[in-house]
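These notes concern the structure reproduced below.
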Amino acid sequence: MANTIAELVFIPSIGVGHIISTIEIAKLFVNRDQHLSVTIFIFKTPPGSDSGSAITTYVTKSSAKMAMERIRLVELPQDETIPKPDPKAPMTFINEFIKSHCKNVTDAVSEIMSRPNSGRLVGFVIDMFCISMVDVANEFHVPTYVFYTSNAAFLGYKLCIQTLHDTQNQDVLELSNSDVEIAIPSFVNPVPAKVFPAVYQNQEGLEFLLYCVRKFREVKAIMVNTFLELETHAIDSLSSDTSFPLVYPVGPVLNLDDIAGKVQDSDVICWLDGQPPSSVVVLCFGSMGSFEEVQVKEIAYALERSGHRFVWSLRRPPSPEQTLKVVGDYEDPRVVLPEGFLERTAGVGKVIGWAPQVALLAHRAVGGFVSHCGWNSILESLWFGVPTAAWPMYAEQQMNAFEMVVEMGLAVEIKLDYKKDMFNTKSNTVVVTAEEIEGGIRRLMEDKTMRTKVKEISKKSRAAVAEGGSSYAAIGCLIQDFKMNLT
């Protein structure tokens with residue numbers, strides 16, 4: 001039994017970010033124990049999405065390399081009957097899309113386990129959005145583990161909302177759409193409802209949240225992409241709830257491949273090489289982060305007035321017919337920038353399209369990061385010791401920003417309650433003024449106390465994943481748990 005291979009099935013959600021995070025944590029497991037083997041099932045992206053080609057490229061490039069590390073990537077067939085998402089019910093679409101693959105996953109797992117010399121299936125590790133796959137794992141009589149790609153405090157928010165609704169019979173929609181501050185056990189400070197995710201402030205989104213948390217309660221454990229030293233309070237709060245599964249902080253789980261390789265020869269990296277240490281602010285808003293022309297101009301005015309060196313990843317808004325609102329690049333950014341902006345700032349800044357974010361944050365010249373506060377981006381900035389100015393846009397980013405700014409003092413605010421409807425590009429969005437943006441950039445680049453705190457947490461993030469660290473130990477506990485399922 002000691003030499004039996006323990007087989008794990010990993011199921012990420014759609015989107016390159018979810019897939020990359022899943023591959024990275026799979027690597028952590030197989031590199032720690034030679035008796036573990038992983039199969040990762042990849043969903044084909046729904047029709048109408050520009051991210052499909054990016055996922056295919058990434059999977060193709062990764063497959064050969066993964067096979068050497070006892071990791072297989074298997075692309076599942078697409079259910080052609082799935083309709084395009086309804087902007088009014090995006091979470092319902094995600095849930096139905098995942099559920100539509102349950103039979104495909106069942107068939108694929110059965111086929112893998114029937115092969116000669118296959119190992120023993122010991123568990124499913126599923127993305128936090130793939131919670132319907134718990135039922136598939138139950139068919140094979142193995143436990144489910146959730147890989148929660150956001151943070152522990154936000155997991156605690158979901159648990160709190162479900163508890164208020166199911167056990168205290170509160171009208172959580174009324175609460176979520178009010179102007180009050182709400183005590184959430186995973187946060188130290190009361191949280192203003194205005195930073196709750198917009199996607200959960202309606203009946204459709206609430207029902208999905210409740211469904212997910214109820215299913216979370218059925219799993220064996222939840223591994224969270226965070227580390228104990230960063231979210232001590234939130235993790236202690238979750239761990240004290242004996243009605244909830246064990247929570248393991250296993251992060252930061254990062255893909256740092258972009259630091260090396262051809263990106264080092266890119267024009268923007270060469271430009272950074274000539275700048276003073278910690279003098280450049282990077283503006284980057286993620287794979288779905290874009291602004292309309294009026295907001296682009298306000299950002300430009302703010303950068304010009306601030307006088308700080310900058311690298312700005314300026315992306316083109318998606319077309320309305322796209323299913324997943326992945327942005328693209330402008331052929332010529334002058335069409336949305338103020339006249340003469342590029343010429344006036346030629347010596348102090350660069351406007352680019354897609355950004356090699358990890359390589360930028362790793363560069364010695366970068367001293368600040370204006371970010372949408374996606375959790376992966378926050379972890380990357382902390383890893384490299386770069387302080388953040390918070391400009392959240394969608395999903396849970398407002399709560400991430402609140403945690404970083406108010407709870408921890410590791411970021412400054414540009415606008416914590418800024419919200420953009422990622423499923424309806426034509427919806428009205430508040431314009432953040434040049435004055436607000438300039439003030440945020442100045443605080444970001446000049447707050448020495450915050451910079452010191454970020455440098456300290458950077459050291460702790462690296463120690464957490466090193467041998468003897470808190471996340472290293474959590475991975476070890478999970479491996480022992482997997483292998484216990486062999487008996």
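Identifiers in this document derive from the order of the structure tokens: chains are assigned A, B, ..., residues are numbered from 1 separately in each chain, and ligands are numbered from 1 in order of occurrence.
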Can you list, as JSON, numbers by chain, every protein, DNA or RNA residue that comes within 9 Å of range 286-301 of chain A when you count only C-alpha atoms, leaving out same-chain residues fewer than 2 positions away?
-> {"A": [17, 284, 303, 304, 305, 306, 314, 315, 316, 317, 318, 324, 325, 326, 327, 328, 335, 336, 337, 338, 341, 354, 371, 372, 373, 374, 377, 393, 394, 422, 431, 432, 433, 434, 435, 437, 438]}
Looking only at the backbone, which of the residues in range 72-120 of chain A does DSSP tag as strand (DSSP E or B), as number ranges by chain?
-> A: 72-75, 120
Picked from range 115-223 of chain A by DSSP as alpha helix (DSSP H), as a PyMOL selection string | chain A and resi 134-139+152-166+172-176+203-216
Using the selection just defined, write its residues with N, CA and C atoms as a tab-separated table (two decimals), in the first residue's frame.
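Okay, this is what ended up in result.tsv:
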```tsv
chain	number	residue	atom	x	y	z
A	134	VAL	N	-19.14	18.06	-6.34
A	134	VAL	CA	-19.20	17.26	-5.11
A	134	VAL	C	-20.01	15.99	-5.35
A	135	ASP	N	-21.09	16.13	-6.11
A	135	ASP	CA	-21.97	14.97	-6.36
A	135	ASP	C	-21.27	13.92	-7.20
A	136	VAL	N	-20.39	14.34	-8.10
A	136	VAL	CA	-19.64	13.38	-8.91
A	136	VAL	C	-18.63	12.64	-8.04
A	137	ALA	N	-17.94	13.36	-7.18
A	137	ALA	CA	-17.00	12.72	-6.26
A	137	ALA	C	-17.71	11.69	-5.39
A	138	ASN	N	-18.93	12.02	-4.97
A	138	ASN	CA	-19.69	11.08	-4.14
A	138	ASN	C	-20.00	9.78	-4.89
A	139	GLU	N	-20.21	9.89	-6.21
A	139	GLU	CA	-20.45	8.68	-7.01
A	139	GLU	C	-19.26	7.72	-6.94
A	152	ALA	N	-9.46	34.27	2.72
A	152	ALA	CA	-10.20	33.69	3.84
A	152	ALA	C	-11.28	34.63	4.35
A	153	ALA	N	-11.00	35.94	4.37
A	153	ALA	CA	-12.00	36.88	4.85
A	153	ALA	C	-13.25	36.87	3.98
A	154	PHE	N	-13.06	36.74	2.67
A	154	PHE	CA	-14.21	36.70	1.77
A	154	PHE	C	-14.97	35.39	1.91
A	155	LEU	N	-14.28	34.30	2.14
A	155	LEU	CA	-14.97	33.04	2.44
A	155	LEU	C	-15.82	33.21	3.69
A	156	GLY	N	-15.28	33.92	4.68
A	156	GLY	CA	-16.04	34.18	5.90
A	156	GLY	C	-17.26	35.03	5.66
A	157	TYR	N	-17.17	35.98	4.72
A	157	TYR	CA	-18.34	36.78	4.34
A	157	TYR	C	-19.45	35.88	3.81
A	158	LYS	N	-19.10	34.97	2.92
A	158	LYS	CA	-20.11	34.07	2.34
A	158	LYS	C	-20.76	33.21	3.43
A	159	LEU	N	-19.92	32.71	4.32
A	159	LEU	CA	-20.43	31.88	5.41
A	159	LEU	C	-21.38	32.69	6.29
A	160	CYS	N	-21.02	33.95	6.55
A	160	CYS	CA	-21.86	34.82	7.37
A	160	CYS	C	-23.22	35.06	6.72
A	161	ILE	N	-23.22	35.37	5.42
A	161	ILE	CA	-24.48	35.62	4.71
A	161	ILE	C	-25.37	34.37	4.76
A	162	GLN	N	-24.78	33.21	4.54
A	162	GLN	CA	-25.56	31.96	4.56
A	162	GLN	C	-26.13	31.70	5.95
A	163	THR	N	-25.34	31.97	6.98
A	163	THR	CA	-25.80	31.77	8.35
A	163	THR	C	-26.94	32.72	8.69
A	164	LEU	N	-26.80	33.99	8.33
A	164	LEU	CA	-27.85	34.97	8.59
A	164	LEU	C	-29.15	34.57	7.89
A	165	HIS	N	-29.02	34.05	6.66
A	165	HIS	CA	-30.20	33.69	5.88
A	165	HIS	C	-30.84	32.40	6.38
A	166	ASP	N	-30.04	31.37	6.57
A	166	ASP	CA	-30.59	30.04	6.85
A	166	ASP	C	-30.93	29.79	8.31
A	172	VAL	N	-31.27	39.07	3.92
A	172	VAL	CA	-29.89	39.47	3.63
A	172	VAL	C	-29.81	40.35	2.38
A	173	LEU	N	-30.78	40.26	1.50
A	173	LEU	CA	-30.78	41.16	0.33
A	173	LEU	C	-31.02	42.59	0.77
A	174	GLU	N	-31.97	42.80	1.67
A	174	GLU	CA	-32.23	44.14	2.18
A	174	GLU	C	-30.99	44.66	2.91
A	175	LEU	N	-30.36	43.79	3.67
A	175	LEU	CA	-29.15	44.14	4.41
A	175	LEU	C	-28.02	44.52	3.44
A	176	SER	N	-27.86	43.71	2.39
A	176	SER	CA	-26.76	43.91	1.45
A	176	SER	C	-26.92	45.18	0.62
A	203	GLN	N	-31.34	38.60	-6.14
A	203	GLN	CA	-31.85	37.27	-5.77
A	203	GLN	C	-31.09	36.16	-6.47
A	204	GLU	N	-30.80	36.36	-7.75
A	204	GLU	CA	-30.11	35.31	-8.52
A	204	GLU	C	-28.72	35.03	-7.95
A	205	GLY	N	-27.97	36.09	-7.67
A	205	GLY	CA	-26.64	35.91	-7.12
A	205	GLY	C	-26.67	35.36	-5.71
A	206	LEU	N	-27.63	35.81	-4.92
A	206	LEU	CA	-27.77	35.30	-3.55
A	206	LEU	C	-28.03	33.80	-3.54
A	207	GLU	N	-28.90	33.35	-4.42
A	207	GLU	CA	-29.22	31.91	-4.46
A	207	GLU	C	-27.98	31.09	-4.80
A	208	PHE	N	-27.12	31.61	-5.67
A	208	PHE	CA	-25.89	30.90	-6.01
A	208	PHE	C	-24.95	30.87	-4.81
A	209	LEU	N	-24.83	32.00	-4.11
A	209	LEU	CA	-23.98	32.04	-2.91
A	209	LEU	C	-24.45	31.01	-1.88
A	210	LEU	N	-25.76	30.99	-1.62
A	210	LEU	CA	-26.31	30.06	-0.63
A	210	LEU	C	-26.07	28.61	-1.05
A	211	TYR	N	-26.27	28.34	-2.32
A	211	TYR	CA	-26.03	26.97	-2.84
A	211	TYR	C	-24.58	26.57	-2.62
A	212	CYS	N	-23.65	27.47	-2.93
A	212	CYS	CA	-22.23	27.15	-2.80
A	212	CYS	C	-21.85	26.87	-1.35
A	213	VAL	N	-22.27	27.75	-0.44
A	213	VAL	CA	-21.86	27.57	0.96
A	213	VAL	C	-22.49	26.31	1.55
A	214	ARG	N	-23.72	26.02	1.18
A	214	ARG	CA	-24.33	24.76	1.65
A	214	ARG	C	-23.54	23.56	1.16
A	215	LYS	N	-23.07	23.61	-0.07
A	215	LYS	CA	-22.27	22.51	-0.60
A	215	LYS	C	-20.87	22.49	0.02
A	216	PHE	N	-20.31	23.69	0.33
A	216	PHE	CA	-19.02	23.73	1.03
A	216	PHE	C	-19.08	22.90	2.31
```
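Our summary of the geometry notes that CA of Gly119 in chain A is positioned 7.9 Å from CA of Ser37 in chain A.
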Non-local contacts of Pro249 in chain A (8 Å; only C-alpha atoms; under 3 positions in same chain excluded) as a PyMOL selection string | chain A and resi 223-228+235+470-471+474
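Across the model, the gap from CA of Leu256 in chain A to CA of Ile5 in chain A is 28.5 Å.
Counting only C-alpha atoms and comparing A:Asn117, A:Leu28, A:Pro12, A:Ala395, the residue that lies closest to Tyr200 in chain A is A:Ala395.
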Skipping near chain neighbours, those fewer than 6 positions away, what residues fall within 9 Å of range 195-199 of chain A using only C-alpha atoms, listed as a PyMOL selection string?
-> chain A and resi 90-91+157+176-177+205-206+394-399+401-402+416-421
Skipping near chain neighbours, those fewer than 4 positions away, what residues fall within 7 Å of Trp312 in chain A using only C-alpha atoms, listed as number ranges by chain?
-> A: 282-284, 350-352
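Considering only C-alpha atoms, the residue among A:Ser279, A:Asn31, A:Thr39, A:Gln357 positioned nearest to Gly123 in chain A is A:Thr39.
With only C-alpha atoms as the atoms that count, the residue of A:Ala89, A:Ala365, A:Ile94, A:Ile71 with the shortest distance to Phe43 in chain A is A:Ile94.
With only C-alpha atoms as the atoms that count, the minimum distance from Arg72 in chain A to the choices A:Phe97, A:Ile182, A:Asp447, A:Lys27 is reached by A:Lys27.
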